[in-house]
file final03.csv (CSV, C-alpha atoms)
chain,number,residue,atom,x,y,z
C,219,MET,CA,45.4,48.7,24.4
C,220,ILE,CA,41.7,48.3,23.8
C,221,ARG,CA,39.6,47.5,26.8
C,222,PRO,CA,36.1,46.1,27.0
C,223,SER,CA,33.2,47.9,28.6
C,224,ALA,CA,31.4,46.4,31.6
C,225,ASP,CA,29.4,44.1,29.4
C,226,ASN,CA,32.7,42.6,28.2
C,227,PHE,CA,31.5,42.5,24.5
C,228,THR,CA,31.8,46.1,23.5
C,229,TRP,CA,35.1,48.0,23.7
C,230,HIS,CA,36.0,51.5,24.7
C,231,GLY,CA,36.7,53.7,21.7
C,232,VAL,CA,35.5,51.0,19.2
C,233,ASP,CA,32.5,51.9,17.1
C,234,ILE,CA,29.6,49.5,16.8
C,235,HIS,CA,28.8,49.3,13.1
C,236,PRO,CA,26.0,47.7,11.2
C,237,TYR,CA,27.1,44.3,9.9
C,238,LYS,CA,27.2,45.6,6.4
C,239,GLU,CA,27.2,49.3,5.5
C,240,ASP,CA,25.1,48.8,2.4
C,241,GLY,CA,22.1,47.4,4.3
C,242,GLY,CA,20.0,44.6,3.0
C,243,THR,CA,17.5,42.0,4.2
C,244,HIS,CA,19.9,39.1,3.8
C,245,PHE,CA,21.1,39.4,7.4
C,246,LYS,CA,19.4,40.1,10.8
C,247,SER,CA,20.3,41.6,14.2
C,248,ILE,CA,24.0,41.6,13.8
C,249,THR,CA,26.7,44.1,14.6
C,250,ARG,CA,30.4,44.5,13.8
C,251,GLN,CA,33.3,46.0,15.8
C,252,THR,CA,36.8,46.2,14.4
C,253,LEU,CA,39.1,45.5,17.4
C,254,ALA,CA,42.4,45.7,15.5
C,255,PRO,CA,43.4,46.9,12.0
C,256,ALA,CA,46.2,45.4,10.0
C,257,GLU,CA,49.5,46.7,11.4
C,258,HIS,CA,53.2,46.0,11.3
C,259,ASP,CA,53.8,42.5,9.8
C,260,LEU,CA,50.2,41.3,10.4
C,261,PRO,CA,48.1,41.9,7.3
C,262,VAL,CA,44.9,40.9,9.1
C,263,GLU,CA,42.1,42.6,10.9
C,264,LEU,CA,40.5,41.3,14.0
C,265,ARG,CA,36.7,41.9,14.2
C,266,TYR,CA,34.0,41.0,16.6
C,267,PHE,CA,30.5,40.1,15.3
C,268,GLU,CA,27.5,39.6,17.5
C,269,MET,CA,24.0,38.5,16.8
C,270,ALA,CA,21.0,39.0,19.0
C,271,ALA,CA,18.8,35.9,19.5
C,272,ASP,CA,17.5,34.8,16.1
C,273,GLY,CA,20.0,36.9,14.2
C,274,TYR,CA,22.0,35.7,11.3
C,275,SER,CA,24.9,36.7,9.0
C,276,THR,CA,24.6,36.8,5.2
C,277,MET,CA,24.7,33.4,3.5
C,278,GLU,CA,27.6,34.0,1.1
C,279,ARG,CA,31.0,32.9,-0.3
C,280,HIS,CA,34.2,34.6,-1.5
C,281,ASP,CA,37.8,34.0,-2.3
C,282,HIS,CA,39.1,35.1,1.1
C,283,SER,CA,39.0,32.9,4.1
C,284,HIS,CA,37.9,33.4,7.7
C,285,LEU,CA,39.4,32.2,11.0
C,286,VAL,CA,36.7,32.4,13.7
C,287,MET,CA,36.6,31.8,17.5
C,288,ILE,CA,33.3,32.0,19.3
C,289,ILE,CA,33.5,34.0,22.5
C,290,ARG,CA,29.9,34.6,23.5
C,291,GLY,CA,26.9,32.3,23.7
C,292,SER,CA,26.2,29.6,21.2
C,293,GLY,CA,24.6,29.1,17.8
C,294,GLU,CA,24.9,27.2,14.6
C,295,VAL,CA,27.2,27.7,11.6
C,296,MET,CA,26.8,26.4,8.1
C,297,VAL,CA,30.2,25.7,6.3
C,298,GLY,CA,29.8,24.2,2.9
C,299,ASP,CA,27.5,21.1,3.2
C,300,THR,CA,27.7,21.0,7.0
C,301,VAL,CA,25.7,22.6,9.9
C,302,THR,CA,27.4,22.5,13.3
C,303,GLU,CA,26.4,23.7,16.8
C,304,VAL,CA,29.1,25.9,18.2
C,305,GLY,CA,29.8,27.6,21.5
C,306,VAL,CA,32.5,29.4,23.4
C,307,HIS,CA,36.0,28.8,22.3
C,308,ASP,CA,35.2,26.7,19.3
C,309,VAL,CA,37.5,27.6,16.4
C,310,VAL,CA,35.9,27.6,12.9
C,311,ARG,CA,37.6,27.9,9.6
C,312,ILE,CA,35.7,29.2,6.5
C,313,PRO,CA,37.8,28.1,3.5
C,314,PRO,CA,37.8,30.1,0.3
C,315,GLN,CA,34.6,29.9,-1.9
C,316,THR,CA,32.7,28.0,0.7
C,317,TRP,CA,29.0,28.9,1.4
C,318,HIS,CA,28.7,29.9,5.0
C,319,GLN,CA,26.2,31.4,7.4
C,320,PHE,CA,26.2,32.0,11.2
C,321,ARG,CA,22.8,31.8,13.0
C,322,ALA,CA,21.9,32.6,16.6
C,323,THR,CA,19.5,29.7,16.9
C,324,LYS,CA,19.8,29.1,20.7
C,325,GLY,CA,17.8,31.9,22.1
C,326,THR,CA,20.8,33.9,23.2
C,327,GLU,CA,23.4,36.3,21.9
C,328,PHE,CA,26.0,34.7,19.7
C,329,GLY,CA,29.3,36.4,19.3
C,330,PHE,CA,32.6,35.6,17.6
C,331,LEU,CA,36.0,36.9,16.7
C,332,CYS,CA,36.9,36.8,13.0
C,333,VAL,CA,40.4,37.2,11.6
C,334,VAL,CA,40.4,38.2,7.9
C,335,ASN,CA,43.0,39.5,5.4
C,336,GLU,CA,42.9,43.3,5.0
C,337,GLU,CA,42.9,42.8,1.3
C,338,ARG,CA,39.9,40.7,0.3
C,339,ASP,CA,37.3,40.2,-2.4
C,340,ARG,CA,33.7,41.1,-2.2
C,341,PRO,CA,31.4,38.3,-1.0
C,342,HIS,CA,28.9,36.8,-3.4
C,343,ARG,CA,25.4,35.8,-2.4
C,344,PRO,CA,23.8,32.8,-4.1
C,345,THR,CA,21.8,33.4,-7.3
C,346,GLU,CA,18.2,32.2,-7.4
C,347,GLU,CA,19.4,29.1,-9.2
C,348,GLU,CA,22.0,28.4,-6.6
C,349,VAL,CA,19.4,28.9,-3.8
C,350,ALA,CA,17.1,26.4,-5.5
C,351,GLU,CA,19.9,23.9,-5.8
C,352,LEU,CA,21.1,24.4,-2.2
C,353,ARG,CA,17.6,24.0,-0.9
C,354,GLN,CA,17.6,20.4,-2.2
C,355,HIS,CA,20.6,19.6,0.1
C,356,PRO,CA,19.6,17.2,2.9
C,357,VAL,CA,21.6,19.0,5.6
C,358,VAL,CA,21.9,22.6,4.7
C,359,GLY,CA,18.8,22.9,2.6
C,360,THR,CA,16.5,23.8,5.5
C,361,PHE,CA,19.1,25.7,7.5
C,362,PHE,CA,20.1,28.8,5.6
C,363,LYS,CA,18.3,32.1,5.4
C,364,VAL,CA,18.5,34.3,2.3
U,375,MET,CA,36.5,22.8,13.7
U,376,ILE,CA,38.5,22.7,16.9
U,377,ARG,CA,36.5,22.3,20.1
U,378,PRO,CA,37.5,23.1,23.6
U,379,SER,CA,37.5,20.4,26.3
U,380,ALA,CA,35.2,20.7,29.3
U,381,ASP,CA,37.7,23.2,31.0
U,382,ASN,CA,37.2,25.5,28.0
U,383,PHE,CA,40.9,26.3,27.8
U,384,THR,CA,42.3,23.2,26.2
U,385,TRP,CA,41.2,21.9,22.8
U,386,HIS,CA,40.5,18.4,21.5
U,387,GLY,CA,43.3,17.3,19.2
U,388,VAL,CA,45.5,20.2,20.1
U,389,ASP,CA,48.8,19.4,21.9
U,390,ILE,CA,49.8,21.3,24.9
U,391,HIS,CA,53.4,22.3,24.4
U,392,PRO,CA,56.0,23.8,26.6
U,393,TYR,CA,56.2,27.6,26.1
U,394,LYS,CA,59.5,27.2,24.3
U,395,GLU,CA,60.9,24.0,23.1
U,396,ASP,CA,64.5,24.8,24.0
U,397,GLY,CA,63.7,25.2,27.7
U,398,GLY,CA,65.3,27.9,29.8
U,399,THR,CA,64.8,29.6,33.2
U,400,HIS,CA,63.7,32.9,31.7
U,401,PHE,CA,60.0,31.9,31.8
U,402,LYS,CA,57.8,30.1,34.3
U,403,SER,CA,54.7,27.9,34.4
U,404,ILE,CA,53.5,28.7,30.8
U,405,THR,CA,52.1,26.5,28.1
U,406,ARG,CA,51.4,27.0,24.4
U,407,GLN,CA,48.7,25.6,22.1
U,408,THR,CA,48.5,26.2,18.4
U,409,LEU,CA,44.8,26.5,17.6
U,410,ALA,CA,45.2,27.4,13.9
U,411,PRO,CA,48.2,27.3,11.5
U,412,ALA,CA,48.6,29.8,8.7
U,413,GLU,CA,46.2,28.7,5.9
U,414,HIS,CA,44.7,30.0,2.7
U,415,ASP,CA,45.1,33.8,2.5
U,416,LEU,CA,45.9,34.2,6.2
U,417,PRO,CA,49.6,34.1,6.8
U,418,VAL,CA,49.1,34.1,10.6
U,419,GLU,CA,49.0,31.5,13.3
U,420,LEU,CA,46.5,31.6,16.2
U,421,ARG,CA,48.0,30.4,19.5
U,422,TYR,CA,46.8,30.2,23.1
U,423,PHE,CA,49.2,30.8,25.9
U,424,GLU,CA,48.4,30.2,29.5
U,425,MET,CA,50.3,30.8,32.7
U,426,ALA,CA,49.6,29.4,36.1
U,427,ALA,CA,49.5,31.8,39.0
U,428,ASP,CA,52.9,33.4,39.3
U,429,GLY,CA,54.0,32.3,35.8
U,430,TYR,CA,55.5,34.6,33.3
U,431,SER,CA,56.6,34.7,29.7
U,432,THR,CA,60.1,35.5,28.5
U,433,MET,CA,61.1,39.2,28.6
U,434,GLU,CA,62.1,39.7,25.0
U,435,ARG,CA,61.8,41.7,21.8
U,436,HIS,CA,61.9,40.9,18.1
U,437,ASP,CA,61.1,42.3,14.6
U,438,HIS,CA,57.7,40.6,14.4
U,439,SER,CA,54.6,41.9,16.2
U,440,HIS,CA,51.9,40.3,18.3
U,441,LEU,CA,48.2,40.9,18.4
U,442,VAL,CA,46.9,39.6,21.8
U,443,MET,CA,43.5,39.1,23.4
U,444,ILE,CA,43.2,38.0,27.0
U,445,ILE,CA,40.5,35.3,27.4
U,446,ARG,CA,41.2,33.9,30.9
U,447,GLY,CA,41.9,35.5,34.2
U,448,SER,CA,44.0,38.5,34.6
U,449,GLY,CA,47.6,39.6,35.0
U,450,GLU,CA,50.0,42.3,34.0
U,451,VAL,CA,51.8,43.0,30.8
U,452,MET,CA,54.9,45.1,30.2
U,453,VAL,CA,55.0,46.7,26.7
U,454,GLY,CA,58.0,49.0,26.2
U,455,ASP,CA,58.1,51.4,29.1
U,456,THR,CA,54.6,50.6,30.4
U,457,VAL,CA,53.1,48.0,32.7
U,458,THR,CA,49.3,47.5,32.5
U,459,GLU,CA,46.8,45.3,34.4
U,460,VAL,CA,44.8,43.3,31.9
U,461,GLY,CA,41.9,41.0,32.0
U,462,VAL,CA,39.4,39.2,29.8
U,463,HIS,CA,38.8,40.7,26.4
U,464,ASP,CA,41.5,43.3,26.6
U,465,VAL,CA,43.3,43.6,23.3
U,466,VAL,CA,47.1,44.3,23.4
U,467,ARG,CA,49.5,45.0,20.6
U,468,ILE,CA,53.2,44.3,20.9
U,469,PRO,CA,54.9,46.4,18.3
U,470,PRO,CA,58.1,45.4,16.6
U,471,GLN,CA,61.3,45.6,18.7
U,472,THR,CA,59.5,46.4,21.9
U,473,TRP,CA,60.4,44.7,25.2
U,474,HIS,CA,57.5,42.8,26.5
U,475,GLN,CA,56.6,40.3,29.2
U,476,PHE,CA,53.3,38.8,30.5
U,477,ARG,CA,53.0,38.0,34.2
U,478,ALA,CA,50.3,36.1,36.1
U,479,THR,CA,50.5,38.4,39.1
U,480,LYS,CA,46.9,38.1,40.3
U,481,GLY,CA,46.9,34.7,41.9
U,482,THR,CA,45.0,33.0,39.1
U,483,GLU,CA,45.6,31.5,35.6
U,484,PHE,CA,46.2,34.1,32.9
U,485,GLY,CA,45.5,33.1,29.4
U,486,PHE,CA,45.6,34.9,26.0
U,487,LEU,CA,45.2,34.4,22.3
U,488,CYS,CA,48.1,35.5,20.2
U,489,VAL,CA,48.1,36.2,16.5
U,490,VAL,CA,51.6,36.1,14.9
U,491,ASN,CA,53.0,36.0,11.4
U,492,GLU,CA,54.0,32.4,10.4
U,493,GLU,CA,57.3,33.9,9.1
U,494,ARG,CA,59.1,35.6,12.0
U,495,ASP,CA,62.5,36.3,13.4
U,496,ARG,CA,63.8,34.8,16.6
U,497,PRO,CA,63.2,36.7,19.8
U,498,HIS,CA,66.1,38.4,21.6
U,499,ARG,CA,66.5,38.5,25.3
U,500,PRO,CA,68.2,41.5,26.9
U,501,THR,CA,71.9,41.4,27.4
U,502,GLU,CA,73.3,42.0,30.9
U,503,GLU,CA,73.9,45.6,30.0
U,504,GLU,CA,70.4,46.0,28.7
U,505,VAL,CA,69.0,44.4,31.9
U,506,ALA,CA,71.1,46.8,34.0
U,507,GLU,CA,69.8,49.8,32.1
U,508,LEU,CA,66.2,48.6,32.1
U,509,ARG,CA,66.4,48.0,35.9
U,510,GLN,CA,66.8,51.8,36.3
U,511,HIS,CA,63.5,52.5,34.6
U,512,PRO,CA,61.0,54.0,37.2
U,513,VAL,CA,58.0,51.9,35.8
U,514,VAL,CA,59.3,48.7,34.3
U,515,GLY,CA,62.5,48.4,36.3
U,516,THR,CA,61.0,46.5,39.1
U,517,PHE,CA,58.5,44.6,37.1
U,518,PHE,CA,60.3,42.2,34.7
U,519,LYS,CA,61.8,38.8,35.4
U,520,VAL,CA,64.8,37.5,33.5
call {"tool": "encode", "arguments": {"input": "final03.csv", "output": "C-alpha cells"}}
result
Amino acid sequence: MIRPSADNFTWHGVDIHPYKEDGGTHFKSITRQTLAPAEHDLPVELRYFEMAADGYSTMERHDHSHLVMIIRGSGEVMVGDTVTEVGVHDVVRIPPQTWHQFRATKGTEFGFLCVVNEERDRPHRPTEEEVAELRQHPVVGTFFKV
Amino acid sequence: MIRPSADNFTWHGVDIHPYKEDGGTHFKSITRQTLAPAEHDLPVELRYFEMAADGYSTMERHDHSHLVMIIRGSGEVMVGDTVTEVGVHDVVRIPPQTWHQFRATKGTEFGFLCVVNEERDRPHRPTEEEVAELRQHPVVGTFFKV
C-alpha cells in the first residue's frame, strides 16, 4: 500500500526524483515518482510525473509506448503532428516512435500517471535537421521546446 | 485520446459494463469501464471500476495480480488477512492467489483504476469450507461479503 501525503500528489516512502538523472536543458520544472515497480505478472511500472507551471518534458521519441492519465491540473500534449489540451482523467497514448512532449501551459501544475514497460529503449531527441523540419509543421512547429 | 464526461468518472466512447458479464449475487452496485486495451509493448489493460455507496466487488482470488489506484471517494479493501481504509491516490497491490474484496463502506461512491495483464486466469470464489474458515479470522472474518 502506498499512501499519498496531505497534498495528494506525493506519496509516503516514494522518492521525488529529477525527471531525468542525467540532467539537461531539454526539460524544465518536472519531477518523477515511481509508484509501483514491475511485479508478478505485470511487466510495467507506474510512475507519476509533475510539472510546475511553464514546465515541460523532453521532446523525444522511442520504440516503447506510454499509457498516460492526467490526474492533476491541465496542460497541452504534442503527440506526433497534433497538439491537444488535456486535463484531469484524460487518457493519452503515446505510440512507438512518435514525437511527444507534455507542457504545463495553463499556469498551474500539470501531473500525470504513466504506465511503461520495465524493459524499454532509450529515448531519442530530434537532431538539428529534424528540429528544422518539425519547425515547419503548421501545428506542432511552434509548440515544442528543445 | 479518451476524455471524461462532465462527471469526470465516465468517458466519451467508453461503454459502462456490468462488473461481470455473467451476473451473480456475489457483488453489488459496481460497474466496469475499459479505458485502454493492451497495445504496443504494454500487455496490460487499464480499467476503471466504480461502486455506489454500499457496493462491493466479488471476494475472490486468482493467479494474476492487480495494480490499483483509487481515484474517487473512499472505501475499504481486504487483501489477504488485512482490511484497510483507502482513499484518493492510494496505490494497492493485489498479489497472486490473495483473497481480496473492495467495499464502498463510507457512504459515497468508491472508484479505482486497475491495471491487469490482458492474459489472465479466471477468478475463484471461496468454497463453502473456505468461507467457513475465513469467517474465523479475527480481522477479515466479519468484513467480506459472499
call {"tool": "calpha_fit_and_write", "arguments": {"input": "final03.csv", "fixed": "chain U", "moving": "chain C", "output": "PDB file with C-alpha atoms, keeping the file's coordinate frame"}}
result
ATOM      1  CA  MET C 219      36.474  22.788  13.648  1.00  0.00           C
ATOM      2  CA  ILE C 220      38.446  22.698  16.860  1.00  0.00           C
ATOM      3  CA  ARG C 221      36.467  22.345  20.023  1.00  0.00           C
ATOM      4  CA  PRO C 222      37.471  23.038  23.596  1.00  0.00           C
ATOM      5  CA  SER C 223      37.510  20.429  26.316  1.00  0.00           C
ATOM      6  CA  ALA C 224      35.292  20.793  29.388  1.00  0.00           C
ATOM      7  CA  ASP C 225      37.694  23.206  30.983  1.00  0.00           C
ATOM      8  CA  ASN C 226      37.183  25.495  27.970  1.00  0.00           C
ATOM      9  CA  PHE C 227      40.977  26.327  27.750  1.00  0.00           C
ATOM     10  CA  THR C 228      42.359  23.203  26.207  1.00  0.00           C
ATOM     11  CA  TRP C 229      41.160  21.898  22.831  1.00  0.00           C
ATOM     12  CA  HIS C 230      40.484  18.462  21.490  1.00  0.00           C
ATOM     13  CA  GLY C 231      43.266  17.246  19.228  1.00  0.00           C
ATOM     14  CA  VAL C 232      45.546  20.250  20.098  1.00  0.00           C
ATOM     15  CA  ASP C 233      48.800  19.421  21.814  1.00  0.00           C
ATOM     16  CA  ILE C 234      49.842  21.295  24.922  1.00  0.00           C
ATOM     17  CA  HIS C 235      53.458  22.290  24.368  1.00  0.00           C
ATOM     18  CA  PRO C 236      56.031  23.825  26.611  1.00  0.00           C
ATOM     19  CA  TYR C 237      56.183  27.579  26.022  1.00  0.00           C
ATOM     20  CA  LYS C 238      59.506  27.246  24.349  1.00  0.00           C
ATOM     21  CA  GLU C 239      60.936  23.950  23.087  1.00  0.00           C
ATOM     22  CA  ASP C 240      64.489  24.860  23.992  1.00  0.00           C
ATOM     23  CA  GLY C 241      63.762  25.206  27.723  1.00  0.00           C
ATOM     24  CA  GLY C 242      65.311  27.849  29.856  1.00  0.00           C
ATOM     25  CA  THR C 243      64.810  29.600  33.193  1.00  0.00           C
ATOM     26  CA  HIS C 244      63.710  32.868  31.631  1.00  0.00           C
ATOM     27  CA  PHE C 245      60.039  31.870  31.764  1.00  0.00           C
ATOM     28  CA  LYS C 246      57.790  30.054  34.330  1.00  0.00           C
ATOM     29  CA  SER C 247      54.622  27.914  34.357  1.00  0.00           C
ATOM     30  CA  ILE C 248      53.481  28.638  30.889  1.00  0.00           C
ATOM     31  CA  THR C 249      52.088  26.509  28.114  1.00  0.00           C
ATOM     32  CA  ARG C 250      51.374  26.954  24.401  1.00  0.00           C
ATOM     33  CA  GLN C 251      48.653  25.506  22.130  1.00  0.00           C
ATOM     34  CA  THR C 252      48.526  26.260  18.433  1.00  0.00           C
ATOM     35  CA  LEU C 253      44.781  26.552  17.618  1.00  0.00           C
ATOM     36  CA  ALA C 254      45.184  27.400  13.922  1.00  0.00           C
ATOM     37  CA  PRO C 255      48.125  27.314  11.466  1.00  0.00           C
ATOM     38  CA  ALA C 256      48.536  29.722   8.616  1.00  0.00           C
ATOM     39  CA  GLU C 257      46.159  28.684   5.821  1.00  0.00           C
ATOM     40  CA  HIS C 258      44.631  29.999   2.639  1.00  0.00           C
ATOM     41  CA  ASP C 259      45.148  33.814   2.453  1.00  0.00           C
ATOM     42  CA  LEU C 260      45.867  34.199   6.207  1.00  0.00           C
ATOM     43  CA  PRO C 261      49.605  34.061   6.833  1.00  0.00           C
ATOM     44  CA  VAL C 262      49.116  34.017  10.606  1.00  0.00           C
ATOM     45  CA  GLU C 263      48.919  31.470  13.334  1.00  0.00           C
ATOM     46  CA  LEU C 264      46.563  31.651  16.211  1.00  0.00           C
ATOM     47  CA  ARG C 265      48.025  30.389  19.545  1.00  0.00           C
ATOM     48  CA  TYR C 266      46.811  30.183  23.058  1.00  0.00           C
ATOM     49  CA  PHE C 267      49.247  30.781  25.967  1.00  0.00           C
ATOM     50  CA  GLU C 268      48.402  30.193  29.577  1.00  0.00           C
ATOM     51  CA  MET C 269      50.265  30.829  32.751  1.00  0.00           C
ATOM     52  CA  ALA C 270      49.588  29.289  36.106  1.00  0.00           C
ATOM     53  CA  ALA C 271      49.510  31.745  39.050  1.00  0.00           C
ATOM     54  CA  ASP C 272      52.908  33.437  39.281  1.00  0.00           C
ATOM     55  CA  GLY C 273      53.954  32.340  35.821  1.00  0.00           C
ATOM     56  CA  TYR C 274      55.548  34.556  33.292  1.00  0.00           C
ATOM     57  CA  SER C 275      56.607  34.675  29.609  1.00  0.00           C
ATOM     58  CA  THR C 276      60.161  35.494  28.493  1.00  0.00           C
ATOM     59  CA  MET C 277      61.077  39.181  28.660  1.00  0.00           C
ATOM     60  CA  GLU C 278      62.159  39.707  25.043  1.00  0.00           C
ATOM     61  CA  ARG C 279      61.854  41.683  21.766  1.00  0.00           C
ATOM     62  CA  HIS C 280      61.921  40.907  18.029  1.00  0.00           C
ATOM     63  CA  ASP C 281      61.080  42.288  14.661  1.00  0.00           C
ATOM     64  CA  HIS C 282      57.682  40.596  14.430  1.00  0.00           C
ATOM     65  CA  SER C 283      54.658  41.913  16.152  1.00  0.00           C
ATOM     66  CA  HIS C 284      51.952  40.338  18.302  1.00  0.00           C
ATOM     67  CA  LEU C 285      48.178  40.895  18.440  1.00  0.00           C
ATOM     68  CA  VAL C 286      46.879  39.565  21.781  1.00  0.00           C
ATOM     69  CA  MET C 287      43.404  39.155  23.383  1.00  0.00           C
ATOM     70  CA  ILE C 288      43.158  37.951  26.941  1.00  0.00           C
ATOM     71  CA  ILE C 289      40.537  35.268  27.398  1.00  0.00           C
ATOM     72  CA  ARG C 290      41.198  33.836  30.838  1.00  0.00           C
ATOM     73  CA  GLY C 291      41.848  35.471  34.190  1.00  0.00           C
ATOM     74  CA  SER C 292      43.925  38.560  34.611  1.00  0.00           C
ATOM     75  CA  GLY C 293      47.545  39.630  34.959  1.00  0.00           C
ATOM     76  CA  GLU C 294      49.980  42.302  34.027  1.00  0.00           C
ATOM     77  CA  VAL C 295      51.828  42.975  30.760  1.00  0.00           C
ATOM     78  CA  MET C 296      54.917  45.034  30.198  1.00  0.00           C
ATOM     79  CA  VAL C 297      55.039  46.730  26.677  1.00  0.00           C
ATOM     80  CA  GLY C 298      58.005  48.955  26.201  1.00  0.00           C
ATOM     81  CA  ASP C 299      58.147  51.444  29.163  1.00  0.00           C
ATOM     82  CA  THR C 300      54.634  50.608  30.368  1.00  0.00           C
ATOM     83  CA  VAL C 301      53.107  48.011  32.796  1.00  0.00           C
ATOM     84  CA  THR C 302      49.346  47.530  32.511  1.00  0.00           C
ATOM     85  CA  GLU C 303      46.808  45.330  34.357  1.00  0.00           C
ATOM     86  CA  VAL C 304      44.825  43.334  31.872  1.00  0.00           C
ATOM     87  CA  GLY C 305      41.861  40.994  31.992  1.00  0.00           C
ATOM     88  CA  VAL C 306      39.361  39.252  29.788  1.00  0.00           C
ATOM     89  CA  HIS C 307      38.830  40.692  26.402  1.00  0.00           C
ATOM     90  CA  ASP C 308      41.498  43.319  26.581  1.00  0.00           C
ATOM     91  CA  VAL C 309      43.323  43.586  23.248  1.00  0.00           C
ATOM     92  CA  VAL C 310      47.117  44.205  23.434  1.00  0.00           C
ATOM     93  CA  ARG C 311      49.443  45.043  20.649  1.00  0.00           C
ATOM     94  CA  ILE C 312      53.217  44.272  20.917  1.00  0.00           C
ATOM     95  CA  PRO C 313      54.877  46.435  18.236  1.00  0.00           C
ATOM     96  CA  PRO C 314      58.089  45.343  16.583  1.00  0.00           C
ATOM     97  CA  GLN C 315      61.329  45.553  18.722  1.00  0.00           C
ATOM     98  CA  THR C 316      59.444  46.383  21.842  1.00  0.00           C
ATOM     99  CA  TRP C 317      60.466  44.725  25.188  1.00  0.00           C
ATOM    100  CA  HIS C 318      57.520  42.808  26.492  1.00  0.00           C
ATOM    101  CA  GLN C 319      56.629  40.349  29.216  1.00  0.00           C
ATOM    102  CA  PHE C 320      53.315  38.812  30.423  1.00  0.00           C
ATOM    103  CA  ARG C 321      53.041  37.973  34.172  1.00  0.00           C
ATOM    104  CA  ALA C 322      50.306  36.146  36.066  1.00  0.00           C
ATOM    105  CA  THR C 323      50.522  38.428  39.067  1.00  0.00           C
ATOM    106  CA  LYS C 324      46.885  38.085  40.309  1.00  0.00           C
ATOM    107  CA  GLY C 325      46.907  34.726  41.896  1.00  0.00           C
ATOM    108  CA  THR C 326      45.039  33.047  39.085  1.00  0.00           C
ATOM    109  CA  GLU C 327      45.556  31.529  35.674  1.00  0.00           C
ATOM    110  CA  PHE C 328      46.210  34.049  32.957  1.00  0.00           C
ATOM    111  CA  GLY C 329      45.518  33.087  29.417  1.00  0.00           C
ATOM    112  CA  PHE C 330      45.574  34.836  26.047  1.00  0.00           C
ATOM    113  CA  LEU C 331      45.222  34.399  22.339  1.00  0.00           C
ATOM    114  CA  CYS C 332      48.166  35.585  20.232  1.00  0.00           C
ATOM    115  CA  VAL C 333      48.072  36.149  16.485  1.00  0.00           C
ATOM    116  CA  VAL C 334      51.565  36.136  14.907  1.00  0.00           C
ATOM    117  CA  ASN C 335      52.976  35.970  11.345  1.00  0.00           C
ATOM    118  CA  GLU C 336      54.014  32.436  10.326  1.00  0.00           C
ATOM    119  CA  GLU C 337      57.255  33.851   9.129  1.00  0.00           C
ATOM    120  CA  ARG C 338      59.017  35.600  12.001  1.00  0.00           C
ATOM    121  CA  ASP C 339      62.413  36.324  13.498  1.00  0.00           C
ATOM    122  CA  ARG C 340      63.844  34.810  16.576  1.00  0.00           C
ATOM    123  CA  PRO C 341      63.228  36.785  19.784  1.00  0.00           C
ATOM    124  CA  HIS C 342      66.146  38.402  21.553  1.00  0.00           C
ATOM    125  CA  ARG C 343      66.498  38.511  25.309  1.00  0.00           C
ATOM    126  CA  PRO C 344      68.171  41.531  26.902  1.00  0.00           C
ATOM    127  CA  THR C 345      71.958  41.435  27.401  1.00  0.00           C
ATOM    128  CA  GLU C 346      73.305  41.997  30.905  1.00  0.00           C
ATOM    129  CA  GLU C 347      73.916  45.609  29.971  1.00  0.00           C
ATOM    130  CA  GLU C 348      70.408  46.053  28.743  1.00  0.00           C
ATOM    131  CA  VAL C 349      69.030  44.428  31.954  1.00  0.00           C
ATOM    132  CA  ALA C 350      71.070  46.854  34.048  1.00  0.00           C
ATOM    133  CA  GLU C 351      69.785  49.783  32.060  1.00  0.00           C
ATOM    134  CA  LEU C 352      66.147  48.594  32.143  1.00  0.00           C
ATOM    135  CA  ARG C 353      66.331  48.056  35.854  1.00  0.00           C
ATOM    136  CA  GLN C 354      66.895  51.815  36.305  1.00  0.00           C
ATOM    137  CA  HIS C 355      63.477  52.498  34.635  1.00  0.00           C
ATOM    138  CA  PRO C 356      60.964  53.905  37.146  1.00  0.00           C
ATOM    139  CA  VAL C 357      58.029  51.842  35.857  1.00  0.00           C
ATOM    140  CA  VAL C 358      59.320  48.692  34.350  1.00  0.00           C
ATOM    141  CA  GLY C 359      62.514  48.417  36.308  1.00  0.00           C
ATOM    142  CA  THR C 360      60.992  46.436  39.184  1.00  0.00           C
ATOM    143  CA  PHE C 361      58.460  44.557  37.080  1.00  0.00           C
ATOM    144  CA  PHE C 362      60.282  42.255  34.714  1.00  0.00           C
ATOM    145  CA  LYS C 363      61.745  38.859  35.420  1.00  0.00           C
ATOM    146  CA  VAL C 364      64.819  37.585  33.572  1.00  0.00           C
TER     147      VAL C 364
END
call {"tool": "atom_distance", "arguments": {"input": "final03.csv", "atom1": "atom CA of Phe267 of chain C", "atom2": "atom CA of Phe328 of chain C"}}
result
8.3 Å
call {"tool": "closest_residue", "arguments": {"input": "final03.csv", "among": "C:Ser283, C:Gln251, C:Ser223, C:Thr276", "to": "chain U", "atoms": "all atoms listed in the file"}}
result
C:Ser283
call {"tool": "interface_residues", "arguments": {"input": "final03.csv", "of": "chain C", "to": "chain U", "cutoff": "8 Å", "atoms": "only C-alpha atoms", "output": "ChimeraX atom specification"}}
result
/C:219-222,226-227,253,258-262,282-283,306-311,313-314,334-335
call {"tool": "atom_distance", "arguments": {"input": "final03.csv", "atom1": "atom CA of His235 of chain C", "atom2": "atom CA of Leu487 of chain U"}}
result
24.0 Å
call {"tool": "residues_around", "arguments": {"input": "final03.csv", "residues": "segment 352-356 of chain C", "least_positions_apart": "5", "cutoff": "12 Å", "atoms": "all atoms listed in the file", "output": "ChimeraX atom specification"}}
result
/C:277,296,298-301,317-318,344-347,361-364
call {"tool": "atom_distance", "arguments": {"input": "final03.csv", "atom1": "atom CA of Ile444 of chain U", "atom2": "atom CA of Thr323 of chain C"}}
result
27.1 Å
call {"tool": "residues_around", "arguments": {"input": "final03.csv", "residues": "Arg477 of chain U", "least_positions_apart": "6", "cutoff": "7 Å", "atoms": "only C-alpha atoms", "output": "PyMOL selection string"}}
result
chain U and resi 428-431+449-451
